[in-house]
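This is protein14.pdb (PDB, C-alpha atoms).
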ATOM      1  CA  MET F   9     -75.072 -48.849  -5.559  1.00  0.00           C
ATOM      2  CA  HIS F  10     -72.052 -49.846  -3.485  1.00  0.00           C
ATOM      3  CA  THR F  11     -71.968 -52.135  -0.479  1.00  0.00           C
ATOM      4  CA  ARG F  12     -69.080 -52.709   1.892  1.00  0.00           C
ATOM      5  CA  GLN F  13     -68.963 -54.708   5.089  1.00  0.00           C
ATOM      6  CA  CYS F  14     -65.800 -54.488   7.173  1.00  0.00           C
ATOM      7  CA  VAL F  15     -67.183 -55.782  10.478  1.00  0.00           C
ATOM      8  CA  SER F  16     -69.961 -58.368  10.771  1.00  0.00           C
ATOM      9  CA  GLN F  17     -73.143 -57.794  12.731  1.00  0.00           C
ATOM     10  CA  LYS F  18     -72.113 -60.677  14.992  1.00  0.00           C
ATOM     11  CA  ILE F  19     -69.013 -58.807  16.139  1.00  0.00           C
ATOM     12  CA  ILE F  20     -70.938 -55.556  16.585  1.00  0.00           C
ATOM     13  CA  ALA F  21     -73.526 -57.432  18.660  1.00  0.00           C
ATOM     14  CA  GLN F  22     -70.782 -58.783  20.920  1.00  0.00           C
ATOM     15  CA  ILE F  23     -69.306 -55.316  21.352  1.00  0.00           C
ATOM     16  CA  ARG F  24     -72.784 -54.036  22.217  1.00  0.00           C
ATOM     17  CA  GLN F  25     -73.113 -56.623  25.003  1.00  0.00           C
ATOM     18  CA  HIS F  26     -69.968 -55.318  26.697  1.00  0.00           C
ATOM     19  CA  SER F  27     -70.579 -51.581  26.195  1.00  0.00           C
ATOM     20  CA  GLN F  28     -72.644 -49.090  28.113  1.00  0.00           C
ATOM     21  CA  ILE F  29     -72.736 -46.703  25.147  1.00  0.00           C
ATOM     22  CA  CYS F  30     -72.152 -47.405  21.456  1.00  0.00           C
ATOM     23  CA  VAL F  31     -71.749 -44.549  18.999  1.00  0.00           C
ATOM     24  CA  ASN F  32     -71.295 -44.730  15.238  1.00  0.00           C
ATOM     25  CA  TYR F  33     -69.976 -42.126  12.819  1.00  0.00           C
ATOM     26  CA  GLN F  34     -70.797 -42.696   9.152  1.00  0.00           C
ATOM     27  CA  TRP F  35     -68.084 -40.806   7.255  1.00  0.00           C
ATOM     28  CA  ASP F  36     -69.617 -41.576   3.872  1.00  0.00           C
ATOM     29  CA  GLY F  37     -73.071 -41.128   2.362  1.00  0.00           C
ATOM     30  CA  ILE F  38     -75.714 -43.650   3.426  1.00  0.00           C
ATOM     31  CA  ASP F  39     -76.696 -44.243  -0.203  1.00  0.00           C
ATOM     32  CA  ARG F  40     -73.135 -45.280  -1.060  1.00  0.00           C
ATOM     33  CA  TYR F  41     -73.074 -47.984   1.613  1.00  0.00           C
ATOM     34  CA  PRO F  42     -76.712 -48.767   2.494  1.00  0.00           C
ATOM     35  CA  ASP F  43     -75.790 -51.980   4.340  1.00  0.00           C
ATOM     36  CA  ILE F  44     -75.033 -49.768   7.335  1.00  0.00           C
ATOM     37  CA  LEU F  45     -78.776 -49.372   7.891  1.00  0.00           C
ATOM     38  CA  GLU F  46     -78.825 -52.958   9.160  1.00  0.00           C
ATOM     39  CA  TYR F  47     -76.476 -51.899  11.981  1.00  0.00           C
ATOM     40  CA  VAL F  48     -78.338 -48.839  13.263  1.00  0.00           C
ATOM     41  CA  GLY F  49     -80.103 -50.726  16.054  1.00  0.00           C
ATOM     42  CA  TYR F  50     -76.816 -51.563  17.773  1.00  0.00           C
ATOM     43  CA  PHE F  51     -75.962 -47.919  18.498  1.00  0.00           C
ATOM     44  CA  ASP F  52     -77.213 -45.398  21.035  1.00  0.00           C
ATOM     45  CA  ARG F  53     -76.284 -42.511  18.759  1.00  0.00           C
ATOM     46  CA  PHE F  54     -75.648 -42.561  15.044  1.00  0.00           C
ATOM     47  CA  PHE F  55     -73.893 -39.619  13.394  1.00  0.00           C
ATOM     48  CA  VAL F  56     -73.748 -38.986   9.645  1.00  0.00           C
ATOM     49  CA  PHE F  57     -71.347 -36.677   7.826  1.00  0.00           C
ATOM     50  CA  ASP F  58     -73.881 -35.824   5.104  1.00  0.00           C
ATOM     51  CA  HIS F  59     -76.520 -33.622   6.714  1.00  0.00           C
ATOM     52  CA  SER F  60     -79.011 -34.474   3.950  1.00  0.00           C
ATOM     53  CA  ASP F  61     -79.146 -38.053   5.271  1.00  0.00           C
ATOM     54  CA  VAL F  62     -80.809 -36.755   8.443  1.00  0.00           C
ATOM     55  CA  ALA F  63     -83.836 -35.599   6.433  1.00  0.00           C
ATOM     56  CA  LYS F  64     -83.673 -38.490   3.965  1.00  0.00           C
ATOM     57  CA  TYR F  65     -83.885 -41.142   6.690  1.00  0.00           C
ATOM     58  CA  PRO F  66     -85.949 -39.540   9.506  1.00  0.00           C
ATOM     59  CA  GLN F  67     -87.005 -42.931  10.909  1.00  0.00           C
ATOM     60  CA  TYR F  68     -83.455 -43.623  12.124  1.00  0.00           C
ATOM     61  CA  GLY F  69     -82.906 -40.479  14.175  1.00  0.00           C
ATOM     62  CA  PHE F  70     -79.526 -39.672  12.640  1.00  0.00           C
ATOM     63  CA  GLN F  71     -77.523 -36.700  13.925  1.00  0.00           C
ATOM     64  CA  ALA F  72     -75.348 -34.584  11.646  1.00  0.00           C
ATOM     65  CA  ALA F  73     -71.619 -34.251  12.355  1.00  0.00           C
ATOM     66  CA  CYS F  74     -68.967 -33.039   9.924  1.00  0.00           C
ATOM     67  CA  ASN F  75     -65.460 -34.433   9.503  1.00  0.00           C
ATOM     68  CA  PHE F  76     -62.390 -32.973  11.250  1.00  0.00           C
ATOM     69  CA  TYR F  77     -58.615 -32.604  11.055  1.00  0.00           C
ATOM     70  CA  PHE F  78     -55.962 -34.083  13.324  1.00  0.00           C
ATOM     71  CA  ASP F  79     -54.185 -31.310  15.182  1.00  0.00           C
ATOM     72  CA  ASP F  80     -51.415 -33.272  16.917  1.00  0.00           C
ATOM     73  CA  ALA F  81     -48.746 -32.389  14.318  1.00  0.00           C
ATOM     74  CA  LEU F  82     -49.547 -28.743  13.721  1.00  0.00           C
ATOM     75  CA  GLU F  83     -46.444 -27.392  15.454  1.00  0.00           C
ATOM     76  CA  THR F  84     -44.154 -29.331  13.101  1.00  0.00           C
ATOM     77  CA  THR F  85     -45.932 -28.402   9.863  1.00  0.00           C
ATOM     78  CA  PRO F  86     -43.151 -27.730   7.315  1.00  0.00           C
ATOM     79  CA  ASN F  87     -43.065 -24.983   4.744  1.00  0.00           C
ATOM     80  CA  SER F  88     -45.277 -25.550   1.731  1.00  0.00           C
ATOM     81  CA  ASN F  89     -44.117 -26.572  -1.709  1.00  0.00           C
ATOM     82  CA  ASP F  90     -46.091 -25.498  -4.775  1.00  0.00           C
ATOM     83  CA  ASN F  91     -47.924 -28.769  -5.356  1.00  0.00           C
ATOM     84  CA  LEU F  92     -51.660 -29.185  -5.831  1.00  0.00           C
ATOM     85  CA  TYR F  93     -52.354 -32.323  -3.800  1.00  0.00           C
ATOM     86  CA  PHE F  94     -55.091 -34.939  -4.118  1.00  0.00           C
ATOM     87  CA  ILE F  95     -55.383 -38.576  -3.086  1.00  0.00           C
ATOM     88  CA  GLY F  96     -58.553 -40.605  -3.331  1.00  0.00           C
ATOM     89  CA  GLY F  97     -60.323 -43.663  -4.620  1.00  0.00           C
ATOM     90  CA  TYR F  98     -61.359 -43.848  -8.244  1.00  0.00           C
ATOM     91  CA  GLU F  99     -65.017 -42.876  -8.666  1.00  0.00           C
ATOM     92  CA  PRO F 100     -66.674 -42.748 -12.112  1.00  0.00           C
ATOM     93  CA  SER F 101     -68.994 -39.899 -11.056  1.00  0.00           C
ATOM     94  CA  ARG F 102     -66.095 -37.467 -10.721  1.00  0.00           C
ATOM     95  CA  THR F 103     -63.841 -38.737 -13.500  1.00  0.00           C
ATOM     96  CA  GLU F 104     -64.797 -36.142 -16.099  1.00  0.00           C
ATOM     97  CA  SER F 105     -64.269 -33.147 -13.805  1.00  0.00           C
ATOM     98  CA  ILE F 106     -60.886 -34.573 -12.767  1.00  0.00           C
ATOM     99  CA  ARG F 107     -59.843 -35.088 -16.369  1.00  0.00           C
ATOM    100  CA  GLN F 108     -60.744 -31.491 -17.222  1.00  0.00           C
ATOM    101  CA  PHE F 109     -58.883 -30.194 -14.185  1.00  0.00           C
ATOM    102  CA  VAL F 110     -55.771 -32.209 -15.003  1.00  0.00           C
ATOM    103  CA  ALA F 111     -55.813 -31.033 -18.619  1.00  0.00           C
ATOM    104  CA  HIS F 112     -55.995 -27.397 -17.491  1.00  0.00           C
ATOM    105  CA  ALA F 113     -53.251 -27.895 -14.897  1.00  0.00           C
ATOM    106  CA  GLN F 114     -50.928 -29.330 -17.514  1.00  0.00           C
ATOM    107  CA  LYS F 115     -51.499 -26.382 -19.859  1.00  0.00           C
ATOM    108  CA  ALA F 116     -51.038 -23.894 -17.017  1.00  0.00           C
ATOM    109  CA  HIS F 117     -47.881 -25.711 -15.782  1.00  0.00           C
ATOM    110  CA  LEU F 118     -49.374 -26.261 -12.339  1.00  0.00           C
ATOM    111  CA  PRO F 119     -47.450 -28.924 -10.393  1.00  0.00           C
ATOM    112  CA  LEU F 120     -49.752 -31.809  -9.523  1.00  0.00           C
ATOM    113  CA  ASP F 121     -49.334 -34.514  -6.908  1.00  0.00           C
ATOM    114  CA  PHE F 122     -52.405 -36.662  -7.618  1.00  0.00           C
ATOM    115  CA  THR F 123     -52.843 -40.300  -6.573  1.00  0.00           C
ATOM    116  CA  PHE F 124     -55.789 -42.519  -7.482  1.00  0.00           C
ATOM    117  CA  ILE F 125     -56.494 -45.764  -5.630  1.00  0.00           C
ATOM    118  CA  SER F 126     -58.466 -48.540  -7.331  1.00  0.00           C
ATOM    119  CA  LYS F 127     -58.789 -52.271  -7.923  1.00  0.00           C
ATOM    120  CA  HIS F 128     -57.572 -51.892 -11.488  1.00  0.00           C
ATOM    121  CA  PRO F 129     -55.032 -49.012 -11.596  1.00  0.00           C
ATOM    122  CA  GLU F 130     -53.925 -49.848 -15.119  1.00  0.00           C
ATOM    123  CA  ARG F 131     -57.462 -49.292 -16.406  1.00  0.00           C
ATOM    124  CA  VAL F 132     -57.878 -46.009 -14.533  1.00  0.00           C
ATOM    125  CA  ALA F 133     -54.534 -44.818 -15.907  1.00  0.00           C
ATOM    126  CA  HIS F 134     -56.045 -44.901 -19.393  1.00  0.00           C
ATOM    127  CA  GLN F 135     -58.792 -42.511 -18.256  1.00  0.00           C
ATOM    128  CA  ILE F 136     -56.764 -40.138 -16.097  1.00  0.00           C
ATOM    129  CA  ALA F 137     -53.148 -39.553 -17.085  1.00  0.00           C
ATOM    130  CA  GLY F 138     -50.570 -36.799 -16.950  1.00  0.00           C
ATOM    131  CA  GLN F 139     -47.430 -35.546 -15.263  1.00  0.00           C
ATOM    132  CA  GLY F 140     -47.576 -35.752 -11.477  1.00  0.00           C
ATOM    133  CA  ILE F 141     -50.280 -38.447 -11.479  1.00  0.00           C
ATOM    134  CA  GLN F 142     -49.857 -41.965 -10.128  1.00  0.00           C
ATOM    135  CA  HIS F 143     -52.216 -44.934  -9.883  1.00  0.00           C
ATOM    136  CA  LEU F 144     -52.026 -47.481  -7.084  1.00  0.00           C
ATOM    137  CA  HIS F 145     -53.843 -50.656  -6.148  1.00  0.00           C
ATOM    138  CA  PHE F 146     -55.699 -50.697  -2.827  1.00  0.00           C
ATOM    139  CA  ALA F 147     -52.946 -52.932  -1.442  1.00  0.00           C
ATOM    140  CA  GLN F 148     -50.412 -50.175  -2.193  1.00  0.00           C
ATOM    141  CA  ALA F 149     -52.404 -47.341  -0.652  1.00  0.00           C
ATOM    142  CA  THR F 150     -50.398 -44.531   0.928  1.00  0.00           C
ATOM    143  CA  PRO F 151     -50.175 -44.843   4.742  1.00  0.00           C
ATOM    144  CA  PHE F 152     -52.290 -42.273   6.539  1.00  0.00           C
ATOM    145  CA  ALA F 153     -49.333 -40.577   8.215  1.00  0.00           C
ATOM    146  CA  GLU F 154     -47.622 -40.126   4.858  1.00  0.00           C
ATOM    147  CA  ASN F 155     -50.778 -38.650   3.389  1.00  0.00           C
ATOM    148  CA  ILE F 156     -50.992 -36.105   6.196  1.00  0.00           C
ATOM    149  CA  LYS F 157     -47.337 -35.187   5.713  1.00  0.00           C
ATOM    150  CA  LYS F 158     -47.878 -34.616   1.993  1.00  0.00           C
ATOM    151  CA  ALA F 159     -50.952 -32.509   2.698  1.00  0.00           C
ATOM    152  CA  GLN F 160     -48.937 -30.357   5.084  1.00  0.00           C
ATOM    153  CA  GLN F 161     -46.157 -29.897   2.559  1.00  0.00           C
ATOM    154  CA  SER F 162     -48.427 -28.945  -0.357  1.00  0.00           C
ATOM    155  CA  LYS F 163     -49.535 -25.445  -1.186  1.00  0.00           C
ATOM    156  CA  VAL F 164     -53.071 -26.352  -2.305  1.00  0.00           C
ATOM    157  CA  LEU F 165     -55.376 -29.290  -1.575  1.00  0.00           C
ATOM    158  CA  VAL F 166     -57.851 -30.350  -4.245  1.00  0.00           C
ATOM    159  CA  ASP F 167     -61.218 -31.993  -3.587  1.00  0.00           C
ATOM    160  CA  PHE F 168     -63.633 -33.555  -6.098  1.00  0.00           C
ATOM    161  CA  VAL F 169     -67.058 -34.328  -4.648  1.00  0.00           C
ATOM    162  CA  ILE F 170     -68.745 -37.685  -5.285  1.00  0.00           C
ATOM    163  CA  GLN F 171     -72.267 -37.366  -6.688  1.00  0.00           C
ATOM    164  CA  GLN F 172     -73.847 -39.736  -4.170  1.00  0.00           C
ATOM    165  CA  HIS F 173     -73.434 -37.394  -1.218  1.00  0.00           C
ATOM    166  CA  GLN F 174     -73.058 -33.740  -0.217  1.00  0.00           C
ATOM    167  CA  GLY F 175     -70.936 -34.066   2.922  1.00  0.00           C
ATOM    168  CA  LEU F 176     -67.556 -32.365   3.187  1.00  0.00           C
ATOM    169  CA  SER F 177     -64.568 -34.689   2.867  1.00  0.00           C
ATOM    170  CA  PHE F 178     -61.587 -34.896   5.216  1.00  0.00           C
ATOM    171  CA  ARG F 179     -59.586 -32.923   2.616  1.00  0.00           C
ATOM    172  CA  VAL F 180     -61.705 -29.865   3.369  1.00  0.00           C
ATOM    173  CA  PHE F 181     -60.832 -29.910   7.056  1.00  0.00           C
ATOM    174  CA  GLU F 182     -57.199 -30.805   6.482  1.00  0.00           C
ATOM    175  CA  ALA F 183     -56.960 -27.701   4.298  1.00  0.00           C
ATOM    176  CA  LEU F 184     -58.545 -25.685   7.104  1.00  0.00           C
ATOM    177  CA  GLY F 185     -56.408 -27.066   9.914  1.00  0.00           C
ATOM    178  CA  TYR F 186     -53.126 -26.955   8.020  1.00  0.00           C
ATOM    179  CA  ARG F 187     -53.780 -23.466   6.580  1.00  0.00           C
ATOM    180  CA  LYS F 188     -53.830 -24.635   2.973  1.00  0.00           C
ATOM    181  CA  LYS F 189     -55.758 -23.188   0.091  1.00  0.00           C
ATOM    182  CA  LEU F 190     -58.488 -25.493  -1.207  1.00  0.00           C
ATOM    183  CA  ILE F 191     -60.018 -26.082  -4.625  1.00  0.00           C
ATOM    184  CA  THR F 192     -63.256 -28.070  -4.398  1.00  0.00           C
ATOM    185  CA  THR F 193     -66.282 -28.977  -6.515  1.00  0.00           C
ATOM    186  CA  ASN F 194     -68.481 -29.243  -3.403  1.00  0.00           C
ATOM    187  CA  HIS F 195     -70.734 -26.171  -3.345  1.00  0.00           C
ATOM    188  CA  GLU F 196     -71.954 -26.929   0.194  1.00  0.00           C
ATOM    189  CA  ILE F 197     -68.792 -25.391   1.595  1.00  0.00           C
ATOM    190  CA  ALA F 198     -70.090 -21.909   0.767  1.00  0.00           C
ATOM    191  CA  HIS F 199     -72.511 -22.239   3.722  1.00  0.00           C
ATOM    192  CA  CYS F 200     -69.793 -23.050   6.273  1.00  0.00           C
ATOM    193  CA  ASP F 201     -68.509 -20.590   8.866  1.00  0.00           C
ATOM    194  CA  PHE F 202     -64.896 -21.187   7.772  1.00  0.00           C
ATOM    195  CA  TYR F 203     -65.500 -20.339   4.121  1.00  0.00           C
ATOM    196  CA  HIS F 204     -63.474 -17.443   2.737  1.00  0.00           C
ATOM    197  CA  PRO F 205     -62.978 -16.815  -1.005  1.00  0.00           C
ATOM    198  CA  ASN F 206     -59.235 -16.286  -0.512  1.00  0.00           C
ATOM    199  CA  ASN F 207     -58.896 -19.748   0.981  1.00  0.00           C
ATOM    200  CA  VAL F 208     -61.503 -21.787  -0.889  1.00  0.00           C
ATOM    201  CA  CYS F 209     -62.195 -21.899  -4.607  1.00  0.00           C
ATOM    202  CA  ILE F 210     -65.517 -23.549  -5.465  1.00  0.00           C
ATOM    203  CA  TRP F 211     -64.862 -24.773  -8.982  1.00  0.00           C
ATOM    204  CA  ASN F 212     -67.783 -25.371 -11.342  1.00  0.00           C
ATOM    205  CA  GLY F 213     -65.788 -27.627 -13.637  1.00  0.00           C
ATOM    206  CA  GLN F 214     -65.587 -25.031 -16.413  1.00  0.00           C
ATOM    207  CA  ASP F 215     -64.179 -21.667 -15.295  1.00  0.00           C
ATOM    208  CA  PHE F 216     -60.411 -22.135 -15.337  1.00  0.00           C
ATOM    209  CA  ASP F 217     -59.722 -18.401 -15.127  1.00  0.00           C
ATOM    210  CA  LYS F 218     -61.277 -18.523 -11.669  1.00  0.00           C
ATOM    211  CA  ILE F 219     -58.641 -21.021 -10.560  1.00  0.00           C
ATOM    212  CA  SER F 220     -55.762 -18.858 -11.766  1.00  0.00           C
ATOM    213  CA  ALA F 221     -57.164 -15.783 -10.013  1.00  0.00           C
ATOM    214  CA  PHE F 222     -57.709 -17.771  -6.817  1.00  0.00           C
ATOM    215  CA  LEU F 223     -54.157 -19.110  -6.704  1.00  0.00           C
ATOM    216  CA  ALA F 224     -52.829 -15.546  -6.851  1.00  0.00           C
ATOM    217  CA  LEU F 225     -54.724 -14.518  -3.693  1.00  0.00           C
ATOM    218  CA  PRO F 226     -52.997 -14.593  -0.289  1.00  0.00           C
ATOM    219  CA  TYR F 227     -54.263 -16.995   2.372  1.00  0.00           C
ATOM    220  CA  HIS F 228     -56.675 -15.313   4.793  1.00  0.00           C
ATOM    221  CA  GLU F 229     -56.091 -16.225   8.448  1.00  0.00           C
ATOM    222  CA  LEU F 230     -59.334 -17.108  10.234  1.00  0.00           C
ATOM    223  CA  PRO F 231     -60.298 -16.454  13.882  1.00  0.00           C
ATOM    224  CA  PRO F 232     -58.692 -18.937  16.337  1.00  0.00           C
ATOM    225  CA  HIS F 233     -62.055 -20.337  17.460  1.00  0.00           C
ATOM    226  CA  ILE F 234     -62.756 -21.586  13.922  1.00  0.00           C
ATOM    227  CA  TYR F 235     -59.597 -23.713  13.837  1.00  0.00           C
ATOM    228  CA  LYS F 236     -60.372 -25.017  17.334  1.00  0.00           C
ATOM    229  CA  LYS F 237     -63.947 -25.922  16.417  1.00  0.00           C
ATOM    230  CA  TYR F 238     -62.962 -28.397  13.688  1.00  0.00           C
ATOM    231  CA  ARG F 239     -59.980 -30.113  15.291  1.00  0.00           C
ATOM    232  CA  PHE F 240     -60.248 -33.767  16.326  1.00  0.00           C
ATOM    233  CA  GLY F 241     -60.167 -33.085  20.068  1.00  0.00           C
ATOM    234  CA  ASN F 242     -63.291 -30.969  19.849  1.00  0.00           C
ATOM    235  CA  TRP F 243     -64.989 -33.430  17.492  1.00  0.00           C
ATOM    236  CA  ILE F 244     -64.468 -36.495  19.681  1.00  0.00           C
ATOM    237  CA  HIS F 245     -65.677 -34.605  22.748  1.00  0.00           C
ATOM    238  CA  ARG F 246     -68.951 -33.841  20.986  1.00  0.00           C
ATOM    239  CA  ILE F 247     -69.414 -37.371  19.635  1.00  0.00           C
ATOM    240  CA  LEU F 248     -68.838 -39.076  23.001  1.00  0.00           C
ATOM    241  CA  ALA F 249     -70.319 -36.416  25.287  1.00  0.00           C
ATOM    242  CA  PRO F 250     -72.986 -37.767  27.679  1.00  0.00           C
ATOM    243  CA  GLN F 251     -76.557 -36.963  26.681  1.00  0.00           C
TER     244      GLN F 251
END
Could you show the structure in this file as structure tokens?
Amino acid sequence: MHTRQCVSQKIIAQIRQHSQICVNYQWDGIDRYPDILEYVGYFDRFFVFDHSDVAKYPQYGFQAACNFYFDDALETTPNSNDNLYFIGGYEPSRTESIRQFVAHAQKAHLPLDFTFISKHPERVAHQIAGQGIQHLHFAQATPFAENIKKAQQSKVLVDFVIQQHQGLSFRVFEALGYRKKLITTNHEIAHCDFYHPNNVCIWNGQDFDKISAFLALPYHELPPHIYKKYRFGNWIHRILAPQ
């Protein structure tokens, strides 16, 4: 079980004293960072990105809210290259599926642009290696703006779900907003209103023929209201809307 504390309760308490409304958005599973439960009392509303946490912790009155994509740079989105793009922290629970995917990509000559962030990149490099893969320490992490630029330039975004939660990562919504094809191991996406088999490949970790067939399909443009629904401007309006 992981714990992470970026801001102390003392600071949150001081913020609470000077705020009429305090809202929290938990963009990771509660079970991954359970220390957050000690902070719930400071907030008027508490949103979680994993809808299963609403039922798992009914005593806290959580509200479900998915992630989003930033839409401020959409007009300058450049043409795609052929890369399959992924950046994320090293997580043991998804290592095996990543290793299998990388091995298939190498055999199929698929161009990868994969980056793994960890405390010990040299150790992770022994577990996940290949052409187009780099390992960085947390202190060397790619700036957010650069990550968004790479996502916009890539043809396909790749997403490997972490076992401790079911919520949809930011990669899912970046693929949606930037009109990129997505390969993901998160089966929850099949229930979303933006799911289309031309745009999203739900990979079971074994069927590599499915990936090849998916990459050959053209991108299917979705109705405008779908793209609007998941952009940041709409998300922040919902989170901060008076109740």
* **Non-local contacts of Tyr227 (chain F) (10 Å; all atoms listed in the file; under 6 positions in same chain excluded) as a ChimeraX atom specification** => /F:187-189,204-208
Note to self: Which residues are near region 178-184 of chain F? Cut-off 7 Å, only C-alpha atoms, ignore same chain within fewer than 6 positions. Put them as a ChimeraX atom specification.
What the structure shows: /F:75-77,165,167,190
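With distances taken from (-49.3, -24.5, 1.7) and restricted to all atoms listed in the file, the residues inside 9 Å are Pro86, Asn87, Ser88, Asn89, Asp90, Asn91, Ala159, Gln160, Gln161, Ser162, Lys163, Val164, Leu165, Ala183, Tyr186, Arg187, Lys188 and Lys189 of chain F.
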Written file, previous selection with C-alpha atoms, as a PDB file, in the frame of the given file:
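Saved to again_14.pdb:
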ATOM      1  CA  PRO F  86     -43.151 -27.730   7.315  1.00  0.00           C
ATOM      2  CA  ASN F  87     -43.065 -24.983   4.744  1.00  0.00           C
ATOM      3  CA  SER F  88     -45.277 -25.550   1.731  1.00  0.00           C
ATOM      4  CA  ASN F  89     -44.117 -26.572  -1.709  1.00  0.00           C
ATOM      5  CA  ASP F  90     -46.091 -25.498  -4.775  1.00  0.00           C
ATOM      6  CA  ASN F  91     -47.924 -28.769  -5.356  1.00  0.00           C
ATOM      7  CA  ALA F 159     -50.952 -32.509   2.698  1.00  0.00           C
ATOM      8  CA  GLN F 160     -48.937 -30.357   5.084  1.00  0.00           C
ATOM      9  CA  GLN F 161     -46.157 -29.897   2.559  1.00  0.00           C
ATOM     10  CA  SER F 162     -48.427 -28.945  -0.357  1.00  0.00           C
ATOM     11  CA  LYS F 163     -49.535 -25.445  -1.186  1.00  0.00           C
ATOM     12  CA  VAL F 164     -53.071 -26.352  -2.305  1.00  0.00           C
ATOM     13  CA  LEU F 165     -55.376 -29.290  -1.575  1.00  0.00           C
ATOM     14  CA  ALA F 183     -56.960 -27.701   4.298  1.00  0.00           C
ATOM     15  CA  TYR F 186     -53.126 -26.955   8.020  1.00  0.00           C
ATOM     16  CA  ARG F 187     -53.780 -23.466   6.580  1.00  0.00           C
ATOM     17  CA  LYS F 188     -53.830 -24.635   2.973  1.00  0.00           C
ATOM     18  CA  LYS F 189     -55.758 -23.188   0.091  1.00  0.00           C
TER      19      LYS F 189
END
Env of region 15-19 of chain F: 9 Å cut, atoms = only C-alpha atoms, seq-sep filter 6 positions within chain, self excluded. Answer as an mmCIF file with C-alpha atoms, in the frame of the given file.
data_model
loop_
_atom_site.group_PDB
_atom_site.id
_atom_site.type_symbol
_atom_site.label_atom_id
_atom_site.label_comp_id
_atom_site.auth_asym_id
_atom_site.auth_seq_id
_atom_site.Cartn_x
_atom_site.Cartn_y
_atom_site.Cartn_z
ATOM 1 C CA GLU F 46 -78.825 -52.958 9.160
ATOM 2 C CA TYR F 47 -76.476 -51.899 11.981
ATOM 3 C CA TYR F 50 -76.816 -51.563 17.773
#
| said: On this structure, the PyMOL selection byres ((chain F and resi 141) around 7) would catch which residues? List them as a ChimeraX atom specification, sorted by chain and number. | reply: /F:120-123,137-140,142-143
Listed atoms of region 45-61 of chain F boxed along x, y and z, 5 Å each side, centre and edge lengths in Å, one decimal, as lines of an AutoDock Vina configuration file:
center_x = -75.7
center_y = -43.3
center_z = 12.5
size_x = 18.8
size_y = 29.3
size_z = 27.1
| request: List the residues matched by the PyMOL selection byres ((chain F and resi 150-154) around 12) in the displayed structure as an MDAnalysis selection string, ordered by chain and then by residue number. | output: chainID F and resid 78 80:81 94:97 122:125 142:149 155:161 178
Write a file of the just-selected residues containing C-alpha atoms, as a PDB file, in the frame of the given file.
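Okay, result_6.pdb is ready:
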ATOM      1  CA  PHE F  78     -55.962 -34.083  13.324  1.00  0.00           C
ATOM      2  CA  ASP F  80     -51.415 -33.272  16.917  1.00  0.00           C
ATOM      3  CA  ALA F  81     -48.746 -32.389  14.318  1.00  0.00           C
ATOM      4  CA  PHE F  94     -55.091 -34.939  -4.118  1.00  0.00           C
ATOM      5  CA  ILE F  95     -55.383 -38.576  -3.086  1.00  0.00           C
ATOM      6  CA  GLY F  96     -58.553 -40.605  -3.331  1.00  0.00           C
ATOM      7  CA  GLY F  97     -60.323 -43.663  -4.620  1.00  0.00           C
ATOM      8  CA  PHE F 122     -52.405 -36.662  -7.618  1.00  0.00           C
ATOM      9  CA  THR F 123     -52.843 -40.300  -6.573  1.00  0.00           C
ATOM     10  CA  PHE F 124     -55.789 -42.519  -7.482  1.00  0.00           C
ATOM     11  CA  ILE F 125     -56.494 -45.764  -5.630  1.00  0.00           C
ATOM     12  CA  GLN F 142     -49.857 -41.965 -10.128  1.00  0.00           C
ATOM     13  CA  HIS F 143     -52.216 -44.934  -9.883  1.00  0.00           C
ATOM     14  CA  LEU F 144     -52.026 -47.481  -7.084  1.00  0.00           C
ATOM     15  CA  HIS F 145     -53.843 -50.656  -6.148  1.00  0.00           C
ATOM     16  CA  PHE F 146     -55.699 -50.697  -2.827  1.00  0.00           C
ATOM     17  CA  ALA F 147     -52.946 -52.932  -1.442  1.00  0.00           C
ATOM     18  CA  GLN F 148     -50.412 -50.175  -2.193  1.00  0.00           C
ATOM     19  CA  ALA F 149     -52.404 -47.341  -0.652  1.00  0.00           C
ATOM     20  CA  ASN F 155     -50.778 -38.650   3.389  1.00  0.00           C
ATOM     21  CA  ILE F 156     -50.992 -36.105   6.196  1.00  0.00           C
ATOM     22  CA  LYS F 157     -47.337 -35.187   5.713  1.00  0.00           C
ATOM     23  CA  LYS F 158     -47.878 -34.616   1.993  1.00  0.00           C
ATOM     24  CA  ALA F 159     -50.952 -32.509   2.698  1.00  0.00           C
ATOM     25  CA  GLN F 160     -48.937 -30.357   5.084  1.00  0.00           C
ATOM     26  CA  GLN F 161     -46.157 -29.897   2.559  1.00  0.00           C
ATOM     27  CA  PHE F 178     -61.587 -34.896   5.216  1.00  0.00           C
TER      28      PHE F 178
END
In terms of all atoms listed in the file, the residue from F:Val48, F:Asp79, F:Ala198, F:Ala111 at minimal distance from Gln67 (chain F) is F:Val48
Worksheet entry | Selected residue, from F:Ser105, F:Gln22, F:Gln34, F:Gln251, that lies nearest to Ser177 (chain F) when counting only C-alpha atoms |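 Among the listed residues, the smallest separation from Ser177 (chain F) belongs to F:Gln34.
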Coordinates-based distance that separates CA of Cys14 (chain F) from CA of Ser126 (chain F) (Å, one decimal):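 Pair CA of Ser126 (chain F) / CA of Cys14 (chain F) returns 17.3 Å.
Of the residues under consideration (F:Pro42, F:Gln171, F:Arg131, F:Ile136), F:Ile136 shows the shortest atom-to-atom contact distance to Ile106 (chain F) when counting only C-alpha atoms.
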